[in-house]
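Coordinates as given in structure.txt (compact mmCIF, C-alpha atoms and all ligand atoms):
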```txt
# COMPACT_ATOMS: atom_id res chain seq x y z
CA MET A 1 24.72 66.48 -213.28
CA ASN A 2 21.80 68.92 -213.54
CA THR A 3 22.88 72.25 -212.05
CA GLU A 4 19.59 74.08 -212.71
CA ASN A 5 18.66 73.86 -209.01
CA ALA A 6 22.13 74.72 -207.71
CA ALA A 7 20.87 77.81 -205.88
CA ALA A 8 17.67 76.13 -204.66
CA THR A 9 16.84 74.49 -201.35
CA LEU A 10 15.61 70.91 -201.19
CA ILE A 11 12.95 70.44 -198.50
CA ILE A 12 12.11 66.89 -197.45
CA GLY A 13 8.62 66.57 -195.93
CA GLN A 14 5.51 68.66 -196.48
CA GLY A 15 3.89 68.56 -193.05
CA LEU A 16 3.38 71.69 -190.97
CA ALA A 17 7.16 72.09 -190.67
CA GLY A 18 8.06 71.67 -194.35
CA THR A 19 5.12 73.76 -195.57
CA ALA A 20 5.92 76.71 -193.28
CA MET A 21 9.60 76.45 -194.21
CA ALA A 22 8.81 76.42 -197.93
CA TRP A 23 6.49 79.44 -197.79
CA THR A 24 8.95 81.36 -195.61
CA LEU A 25 11.78 80.84 -198.10
CA ILE A 26 9.55 81.54 -201.11
CA GLU A 27 8.41 84.82 -199.50
CA ARG A 28 12.09 85.77 -199.29
CA GLY A 29 12.63 85.09 -202.98
CA LYS A 30 14.27 81.66 -202.65
CA ARG A 31 13.69 78.71 -204.96
CA VAL A 32 12.69 75.43 -203.32
CA LEU A 33 11.92 71.86 -204.29
CA ILE A 34 9.72 70.00 -201.80
CA VAL A 35 9.58 66.20 -201.80
CA ASP A 36 6.94 64.38 -199.77
CA ARG A 37 5.54 60.86 -199.74
CA ASP A 38 1.97 62.16 -199.68
CA GLU A 39 0.81 59.57 -197.18
CA PRO A 40 -2.91 59.69 -196.33
CA VAL A 41 -2.34 59.80 -192.55
CA THR A 42 0.39 61.92 -190.96
CA SER A 43 0.55 63.96 -187.80
CA SER A 44 -0.02 67.20 -189.71
CA LYS A 45 -2.91 65.79 -191.75
CA ILE A 46 -4.89 64.57 -188.74
CA ALA A 47 -4.03 67.40 -186.32
CA ALA A 48 -6.93 69.51 -185.10
CA GLY A 49 -4.70 72.55 -185.61
CA LEU A 50 -5.73 74.14 -182.31
CA LEU A 51 -4.13 77.33 -181.04
CA THR A 52 -4.88 77.31 -177.31
CA PRO A 53 -3.47 80.02 -175.03
CA ILE A 54 -3.90 78.42 -171.59
CA THR A 55 -3.22 74.70 -171.45
CA GLY A 56 -2.19 71.72 -169.38
CA MET A 57 -2.79 70.61 -165.83
CA ARG A 58 -1.08 73.73 -164.51
CA LEU A 59 -3.39 76.04 -166.43
CA SER A 60 -0.44 78.06 -167.68
CA LEU A 61 0.18 80.11 -170.79
CA SER A 62 1.84 78.06 -173.53
CA ARG A 63 5.55 78.90 -173.68
CA GLY A 64 6.23 81.71 -176.18
CA TYR A 65 2.52 81.97 -177.00
CA LYS A 66 2.32 85.76 -177.44
CA GLU A 67 5.14 86.23 -179.94
CA GLN A 68 4.48 82.95 -181.74
CA LEU A 69 0.78 83.77 -182.11
CA VAL A 70 1.56 87.15 -183.69
CA ALA A 71 3.91 85.44 -186.18
CA ALA A 72 1.41 82.61 -186.86
CA VAL A 73 -1.61 84.85 -187.49
CA SER A 74 0.33 87.14 -189.78
CA PHE A 75 1.84 84.14 -191.65
CA TYR A 76 -1.45 82.24 -192.18
CA ARG A 77 -3.25 85.43 -193.26
CA ARG A 78 -0.54 86.07 -195.88
CA ILE A 79 -0.84 82.49 -197.16
CA GLU A 80 -4.64 82.84 -197.25
CA GLY A 81 -4.04 85.89 -199.44
CA VAL A 82 -1.92 83.89 -201.88
CA LEU A 83 -4.24 80.86 -201.93
CA GLY A 84 -7.49 82.84 -201.87
CA CYS A 85 -9.22 80.93 -199.07
CA ARG A 86 -9.80 81.02 -195.33
CA LEU A 87 -7.56 78.64 -193.35
CA LEU A 88 -7.17 80.08 -189.86
CA HIS A 89 -10.40 80.34 -187.86
CA ALA A 90 -10.40 82.59 -184.81
CA LYS A 91 -12.41 80.97 -182.03
CA ARG A 92 -12.79 81.30 -178.30
CA HIS A 93 -12.01 78.36 -176.05
CA VAL A 94 -13.87 77.34 -172.91
CA ARG A 95 -11.92 75.38 -170.34
CA LEU A 96 -14.13 73.50 -167.88
CA PHE A 97 -12.48 72.29 -164.67
CA LYS A 98 -12.14 68.53 -164.68
CA ASN A 99 -11.33 67.93 -161.00
CA GLU A 100 -11.53 69.52 -157.54
CA ILE A 101 -7.97 70.91 -157.68
CA GLU A 102 -8.31 73.05 -160.81
CA PRO A 103 -10.67 75.77 -159.46
CA GLY A 104 -8.22 76.64 -156.63
CA ARG A 105 -5.25 76.54 -158.99
CA TRP A 106 -7.06 78.84 -161.40
CA ASP A 107 -7.92 81.34 -158.64
CA ALA A 108 -4.20 81.75 -157.95
CA ARG A 109 -3.41 82.13 -161.65
CA LYS A 110 -6.16 84.05 -163.33
CA GLN A 111 -4.88 87.56 -162.67
CA GLU A 112 -1.69 86.98 -164.69
CA MET A 113 -3.72 85.46 -167.57
CA LYS A 114 -6.12 88.40 -167.82
CA ARG A 115 -4.97 89.36 -171.28
CA PHE A 116 -6.19 86.02 -172.64
CA LEU A 117 -9.57 85.99 -170.90
CA SER A 118 -12.79 87.20 -172.47
CA ALA A 119 -14.16 90.31 -170.79
CA ARG A 120 -17.58 88.71 -170.56
CA GLN A 121 -17.08 85.21 -169.22
CA ARG A 122 -19.71 82.92 -170.71
CA LEU A 123 -19.54 79.21 -169.95
CA VAL A 124 -21.53 76.39 -171.60
CA SER A 125 -25.18 75.42 -171.77
CA GLU A 126 -25.86 72.65 -169.28
CA ASP A 127 -28.42 71.25 -171.73
CA TYR A 128 -25.43 69.97 -173.72
CA PHE A 129 -22.35 69.93 -171.46
CA HIS A 130 -21.72 68.61 -167.96
CA ASN A 131 -20.18 71.40 -165.92
CA PRO A 132 -20.20 70.74 -162.17
CA ARG A 133 -17.11 72.84 -161.32
CA GLY A 134 -17.14 75.91 -163.59
CA GLY A 135 -14.32 77.13 -165.80
CA PHE A 136 -13.24 80.12 -167.89
CA GLU A 137 -13.41 81.45 -171.44
CA MET A 138 -10.24 82.32 -173.39
CA LYS A 139 -9.73 84.64 -176.33
CA HIS A 140 -6.78 84.91 -178.78
CA GLY A 141 -7.12 81.30 -179.93
CA GLY A 142 -8.65 79.29 -182.75
CA TYR A 143 -7.70 76.57 -185.17
CA LEU A 144 -6.03 76.06 -188.52
CA ASP A 145 -7.80 73.89 -191.09
CA THR A 146 -4.64 71.81 -191.54
CA VAL A 147 -6.06 69.60 -194.31
CA SER A 148 -6.94 72.58 -196.51
CA TYR A 149 -3.72 74.42 -195.65
CA LEU A 150 -1.55 71.44 -196.61
CA SER A 151 -3.49 70.37 -199.71
CA ARG A 152 -3.91 73.88 -201.13
CA SER A 153 -0.29 74.74 -200.44
CA ARG A 154 0.72 71.52 -202.14
CA LYS A 155 -1.37 72.36 -205.21
CA TRP A 156 0.21 75.81 -205.40
CA PHE A 157 3.73 74.36 -205.06
CA GLU A 158 2.92 71.83 -207.82
CA GLU A 159 1.70 74.58 -210.13
CA GLN A 160 5.01 76.38 -209.63
CA GLY A 161 6.98 73.17 -210.34
CA MET A 162 8.25 73.16 -206.75
CA MET A 163 6.78 69.88 -205.54
CA GLN A 164 7.49 66.21 -206.13
CA ARG A 165 5.84 63.14 -204.70
CA GLY A 166 8.15 60.38 -203.47
CA ASN A 167 10.27 58.92 -200.75
CA VAL A 168 13.79 60.27 -200.23
CA ALA A 169 15.93 57.32 -199.20
CA ILE A 170 18.66 57.97 -196.65
CA ASP A 171 21.65 57.32 -198.92
CA GLU A 172 20.22 59.26 -201.87
CA VAL A 173 21.21 62.63 -200.38
CA GLN A 174 24.91 63.30 -200.72
CA PRO A 175 26.31 66.36 -198.96
CA ASP A 176 29.71 67.89 -199.78
CA ALA A 177 31.58 71.12 -199.11
CA THR A 178 29.45 73.33 -201.39
CA GLY A 179 25.94 71.85 -201.28
CA VAL A 180 24.08 68.57 -201.69
CA SER A 181 23.25 66.23 -204.57
CA TRP A 182 20.02 64.30 -204.90
CA ARG A 183 19.09 62.14 -207.90
CA GLY A 184 21.56 63.94 -210.17
CA GLN A 185 20.48 67.46 -209.15
CA ARG A 186 22.50 70.00 -207.16
CA PHE A 187 21.05 72.04 -204.31
CA ARG A 188 22.48 74.72 -202.10
CA GLU A 189 21.20 72.86 -199.00
CA VAL A 190 18.65 70.28 -197.83
CA ILE A 191 16.20 70.89 -194.99
CA TYR A 192 14.88 67.79 -193.24
CA CYS A 193 11.28 68.37 -192.13
CA ILE A 194 10.44 64.70 -191.70
CA GLY A 195 8.72 64.73 -188.31
CA TRP A 196 9.20 61.92 -185.80
CA GLU A 197 10.98 59.67 -188.33
CA ALA A 198 14.08 61.84 -188.00
CA GLY A 199 14.74 59.87 -184.82
CA ASN A 200 15.51 56.86 -187.06
CA HIS A 201 17.79 58.74 -189.46
CA PRO A 202 21.52 58.13 -188.88
CA TRP A 203 22.30 61.88 -189.12
CA PHE A 204 19.79 62.75 -186.41
CA ASP A 205 19.35 59.63 -184.27
CA TRP A 206 21.28 61.28 -181.41
CA VAL A 207 18.61 64.00 -181.02
CA PRO A 208 16.63 63.08 -177.87
CA PHE A 209 13.25 62.36 -179.44
CA GLN A 210 10.37 61.41 -177.13
CA SER A 211 7.68 61.28 -179.78
CA ALA A 212 4.12 60.31 -178.90
CA ARG A 213 1.31 58.80 -180.92
CA GLY A 214 -2.07 60.50 -180.60
CA THR A 215 -5.57 59.43 -181.56
CA ILE A 216 -8.30 61.81 -182.68
CA VAL A 217 -11.96 61.00 -183.46
CA ARG A 218 -14.66 62.46 -185.66
CA LEU A 219 -18.08 62.33 -184.12
CA ARG A 220 -21.72 63.28 -184.46
CA ALA A 221 -23.35 64.88 -181.41
CA ASP A 222 -25.94 67.48 -180.56
CA ILE A 223 -24.17 70.43 -178.88
CA GLY A 224 -26.81 73.03 -179.75
CA ASP A 225 -25.41 76.19 -181.30
CA GLU A 226 -22.11 75.95 -179.39
CA ASP A 227 -19.38 77.11 -181.76
CA ARG A 228 -16.45 77.54 -179.38
CA ILE A 229 -13.74 74.98 -178.64
CA ILE A 230 -14.62 73.21 -175.39
CA HIS A 231 -12.01 71.56 -173.13
CA HIS A 232 -13.23 69.14 -170.49
CA GLY A 233 -10.58 66.44 -170.06
CA VAL A 234 -10.91 66.19 -173.84
CA TRP A 235 -11.24 69.00 -176.38
CA LEU A 236 -14.23 69.26 -178.73
CA LEU A 237 -14.15 71.32 -181.90
CA ARG A 238 -16.84 71.95 -184.48
CA HIS A 239 -14.74 71.91 -187.65
CA ALA A 240 -15.43 73.99 -190.76
CA ASP A 241 -16.50 70.72 -192.48
CA GLY A 242 -19.46 70.52 -190.06
CA TYR A 243 -18.27 67.49 -188.07
CA LEU A 244 -17.07 67.49 -184.49
CA ARG A 245 -13.53 66.44 -183.64
CA ALA A 246 -12.35 65.28 -180.23
CA GLY A 247 -8.97 64.31 -178.91
CA SER A 248 -6.41 63.44 -178.20
CA THR A 249 -4.45 60.68 -176.50
CA TYR A 250 -0.71 60.55 -175.76
CA ASP A 251 1.22 57.32 -176.14
CA THR A 252 5.03 57.27 -176.06
CA ARG A 253 5.30 53.47 -176.35
CA PHE A 254 3.74 53.04 -179.74
CA GLY A 255 4.43 50.28 -182.25
CA ASN A 256 2.62 50.86 -185.53
CA PRO A 257 2.48 54.69 -185.85
CA ASN A 258 -0.97 54.78 -187.46
CA GLU A 259 -2.72 52.04 -185.55
CA VAL A 260 -5.65 53.22 -183.43
CA PRO A 261 -5.37 51.28 -180.16
CA THR A 262 -8.71 50.09 -178.77
CA GLY A 263 -7.59 51.37 -175.36
CA ASP A 264 -7.17 54.91 -176.75
CA LEU A 265 -10.62 54.79 -178.30
CA ALA A 266 -12.14 53.65 -175.02
CA VAL A 267 -10.40 56.50 -173.15
CA LEU A 268 -11.67 59.10 -175.62
CA GLU A 269 -15.18 57.66 -175.54
CA GLN A 270 -15.23 57.79 -171.76
CA ARG A 271 -14.00 61.40 -171.67
CA ILE A 272 -16.50 62.54 -174.29
CA ASN A 273 -19.19 60.84 -172.28
CA GLN A 274 -18.12 62.81 -169.20
CA ALA A 275 -18.25 66.04 -171.19
CA LEU A 276 -21.49 65.67 -173.19
CA VAL A 277 -25.03 65.39 -171.87
CA LYS A 278 -26.60 63.97 -175.04
CA PRO A 279 -25.73 60.71 -176.82
CA PHE A 280 -22.99 60.84 -179.46
CA GLU A 281 -21.70 58.61 -182.23
CA ILE A 282 -18.02 58.16 -183.09
CA LEU A 283 -17.72 58.07 -186.89
CA ASP A 284 -14.02 57.31 -187.27
CA ALA A 285 -10.67 57.51 -185.53
CA ARG A 286 -7.13 58.15 -186.73
CA ALA A 287 -3.73 58.02 -185.12
CA ALA A 288 -0.31 59.47 -185.95
CA VAL A 289 2.92 60.39 -184.19
CA ARG A 290 3.79 63.91 -183.02
CA PRO A 291 7.51 64.72 -183.28
CA ILE A 292 8.52 65.58 -179.72
CA ILE A 293 12.05 66.38 -178.53
CA ARG A 294 12.98 66.21 -174.84
CA ASP A 295 11.72 69.19 -172.80
CA GLN A 296 9.41 70.04 -175.72
CA ARG A 297 12.30 71.80 -177.46
CA MET A 298 12.39 72.95 -181.05
CA ILE A 299 15.70 72.02 -182.67
CA LEU A 300 16.86 73.78 -185.84
CA GLY A 301 19.97 74.45 -187.83
CA ARG A 302 22.97 72.93 -189.53
CA HIS A 303 24.22 69.42 -188.91
CA PRO A 304 27.49 69.42 -186.92
CA ALA A 305 29.32 67.42 -189.63
CA HIS A 306 27.47 68.53 -192.78
CA GLU A 307 27.27 72.29 -193.32
CA HIS A 308 24.52 72.02 -195.96
CA VAL A 309 22.28 69.54 -194.14
CA ILE A 310 19.66 71.42 -192.12
CA PHE A 311 17.21 70.20 -189.49
CA PHE A 312 13.77 71.61 -188.56
CA ASN A 313 11.92 69.58 -185.94
CA GLY A 314 10.20 69.38 -182.55
CA LEU A 315 6.81 70.90 -183.29
CA ALA A 316 5.36 68.53 -180.66
CA SER A 317 1.66 69.18 -179.93
CA LYS A 318 1.86 72.79 -181.13
CA GLY A 319 2.76 72.64 -184.78
CA THR A 320 0.24 75.30 -185.84
CA LEU A 321 1.62 77.81 -183.38
CA ARG A 322 5.29 76.92 -183.57
CA ALA A 323 5.96 76.34 -187.27
CA PRO A 324 5.74 79.92 -188.66
CA TRP A 325 7.82 81.60 -185.93
CA HIS A 326 10.56 78.96 -186.04
CA ALA A 327 10.61 78.83 -189.85
CA GLN A 328 11.29 82.57 -189.77
CA ILE A 329 14.17 82.14 -187.30
CA LEU A 330 15.69 79.37 -189.41
CA ALA A 331 15.29 81.32 -192.67
CA GLU A 332 17.05 84.34 -191.16
CA HIS A 333 19.84 82.11 -189.92
CA LEU A 334 20.32 80.49 -193.34
CA MET A 335 20.00 83.64 -195.40
CA SER A 336 21.57 86.32 -193.21
CA GLY A 337 23.73 84.32 -190.84
CA ILE A 338 21.79 85.49 -187.76
CA SER A 339 22.74 83.15 -184.90
CA LEU A 340 20.21 80.66 -183.64
CA PRO A 341 19.33 80.78 -179.95
CA GLU A 342 21.66 78.27 -178.30
CA THR A 343 18.81 76.17 -176.89
CA MET A 344 17.45 75.60 -180.42
CA ASP A 345 20.68 75.05 -182.33
CA LEU A 346 21.32 71.50 -183.57
CA ARG A 347 24.99 72.32 -183.18
CA GLY A 348 24.47 73.36 -179.57
CA ASN A 349 25.00 70.96 -176.72
CA LEU A 350 22.03 68.57 -176.71
C1 LIG B 401 -3.84 63.37 -182.77
C2 LIG B 401 -3.03 64.61 -182.93
C3 LIG B 401 -3.62 65.84 -182.67
C4 LIG B 401 -2.88 67.01 -182.81
N1 LIG B 401 -3.49 68.20 -182.57
C5 LIG B 401 -2.79 69.35 -182.73
C6 LIG B 401 -3.41 70.59 -182.51
O1 LIG B 401 -4.59 70.66 -182.19
N2 LIG B 401 -2.67 71.72 -182.68
C7 LIG B 401 -1.36 71.67 -183.06
O2 LIG B 401 -0.74 72.73 -183.22
N3 LIG B 401 -0.73 70.49 -183.26
C8 LIG B 401 -1.42 69.33 -183.09
N4 LIG B 401 -0.80 68.14 -183.28
C9 LIG B 401 0.65 68.14 -183.52
C10 LIG B 401 1.00 68.43 -184.96
O3 LIG B 401 0.32 67.51 -185.74
C11 LIG B 401 2.51 68.32 -185.14
O4 LIG B 401 3.13 69.31 -184.38
C12 LIG B 401 2.92 68.52 -186.61
O5 LIG B 401 2.04 67.87 -187.46
C13 LIG B 401 4.32 68.03 -186.90
O6 LIG B 401 4.61 68.38 -188.22
P1 LIG B 401 5.91 67.92 -188.98
O7 LIG B 401 5.85 68.55 -190.31
O8 LIG B 401 7.11 68.13 -188.13
O9 LIG B 401 5.75 66.31 -189.09
P2 LIG B 401 4.77 65.43 -190.00
O10 LIG B 401 3.40 65.92 -189.96
O11 LIG B 401 5.02 64.02 -189.54
O12 LIG B 401 5.31 65.62 -191.47
C14 LIG B 401 6.45 64.98 -191.97
C15 LIG B 401 6.25 64.77 -193.46
O13 LIG B 401 7.45 64.26 -194.00
C16 LIG B 401 7.16 63.19 -194.87
N5 LIG B 401 8.35 62.33 -194.91
C17 LIG B 401 8.97 61.72 -193.87
N6 LIG B 401 10.06 61.07 -194.29
C18 LIG B 401 10.14 61.28 -195.63
C19 LIG B 401 11.07 60.86 -196.64
N7 LIG B 401 12.12 60.12 -196.36
N8 LIG B 401 10.83 61.23 -197.92
C20 LIG B 401 9.76 62.00 -198.25
N9 LIG B 401 8.86 62.43 -197.31
C21 LIG B 401 9.06 62.07 -196.03
C22 LIG B 401 5.94 62.52 -194.24
O14 LIG B 401 5.23 61.76 -195.20
C23 LIG B 401 5.16 63.76 -193.77
O15 LIG B 401 4.33 64.26 -194.78
C24 LIG B 401 -1.51 66.95 -183.19
C25 LIG B 401 -0.93 65.72 -183.48
C26 LIG B 401 -1.68 64.55 -183.35
C27 LIG B 401 -1.03 63.24 -183.67
```

Whole structure, structure tokens version:
Amino acid sequence: MNTENAAATLIIGQGLAGTAMAWTLIERGKRVLIVDRDEPVTSSKIAAGLLTPITGMRLSLSRGYKEQLVAAVSFYRRIEGVLGCRLLHAKRHVRLFKNEIEPGRWDARKQEMKRFLSARQRLVSEDYFHNPRGGFEMKHGGYLDTVSYLSRSRKWFEEQGMMQRGNVAIDEVQPDATGVSWRGQRFREVIYCIGWEAGNHPWFDWVPFQSARGTIVRLRADIGDEDRIIHHGVWLLRHADGYLRAGSTYDTRFGNPNEVPTGDLAVLEQRINQALVKPFEILDARAAVRPIIRDQRMILGRHPAHEHVIFFNGLASKGTLRAPWHAQILAEHLMSGISLPETMDLRGNL
């Protein structure tokens, strides 16, 4: 038995959850070993990484947005400092009303959202975007370049000897009263950051997952010099790589997690068509499954039967925003014994 890692934490999965968890522990002086399959298409690798203050049909502020944004910006800026590159791009969003109900709903809401609205409201050029009903411009948003964040973090972890490629089979991890064993090595604890697949793991299959597959496309289109993120039944982002991204669909009855259904593509194409004035060309499409837990909850903490088996899941459609704040809460719980909020605790009543 190799006891070299006995004080270290084993992290399974290097998506947005596992990466934020690893950095958060490393920043606090902990040793980690991260194991990930390094699949080409995962939820975190295809995500647009948007941070959007006002969302949904109800045009409401995302739950916990203010405090989670402060934690996220500070976290990504610190990681940019370590990695020496820009990952988080501040950008304004423009939400264009997509039906006759939204303008009235917004009138009733806009006063309470003032803090997230640009002082000078500028909408879109009608040379490039259809805009029959108006809309509003938001500040305090942007996007994370998830591909660069994950790949550069991975490289850094590898250089420190903290990263391994591979699949962790269910019965390979053996917990006991003082820690866990994996492939002949001892760890203080294991943190499962395995996304939607946790719903198929016998230790976690009782967590009420309602995961949903989403499709996102890369496209070529003329949108003039528009550099903001535009929402019009679909969101459109000009990515740092120069291509436009648009998405995304929501499918809870998926079979193959990475299959792009023709129906999803048709829906996206139709919505883009309703948003853009000029012709566009879809270059490719990818699909993956977001890990969603009932009521969009984040669930963290120790397994009820295995003290040293830890869970970190439920990033849903907001992994960029949610991961840093919740990784901090979990790290403080593990290292200082600070209680988890009851609604988040895996040991709480689900
Ligand atoms: C189309 C689409 C668009 C999205 N857009 C946005 C957006 O704009 N903004 C936003 O904030 N969020 C967005 N999301 C949501 C975001 O992607 C998720 O919240 C986030 O990626 C979930 O991260 P995760 O680390 O929990 O899971 P995952 O990304 O699924 O990561 C889990 C990792 O664990 C690995 N793994 C699993 N099992 C094992 C095992 N047994 N052994 C080793 N490795 C294992 C997997 O290979 C994977 O790398 C989007 C998602 C989709 C699908």

From the list A:Met21, A:Ile54, A:Leu315, A:Leu244, which residue is nearest ligand LIG 401 (chain B) when using only C-alpha atoms and all ligand atoms?
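For ligand LIG 401 (chain B), the nearest of the given residues is A:Leu315.
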
How big is the axis-aligned box, and where does its centre sit, when it encloses all atoms of range 263-280 of chain A listed in the file and has 4 Å added on every side, reported in Å to one decimal as AutoDock Vina command-line options?
```
--center_x -16.9 --center_y 58.7 --center_z -174.3 --size_x 27.4 --size_y 22.7 --size_z 18.3
```

Which is closest to Asn200 in chain A among A:Pro40, A:Pro291, A:Gly29, A:Gly13, if we use all atoms listed in the file?
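Going through A:Pro40, A:Pro291, A:Gly29, A:Gly13 one by one, the smallest distance to Asn200 in chain A is for A:Pro291.
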
Neighbours of ligand LIG 401 (chain B) within 7 Å, counting all atoms listed in the file, as a ChimeraX atom specification?
/A:12-18,35-39,42-51,166-170,193-197,213-216,247-249,287-291,313-321

I'd like to know which of A:Asp295, A:Trp203, A:Val217, A:Gly337 is closest to Pro175 in chain A, using all atoms listed in the file.
A:Trp203

Name the residues, using the chain letters and numbers of the file, that sit within 10 Å of (8.4, 81.9, -185.2) when counting only C-alpha atoms, and give them as a ChimeraX atom specification.
/A:20,64,67-72,75,321-330
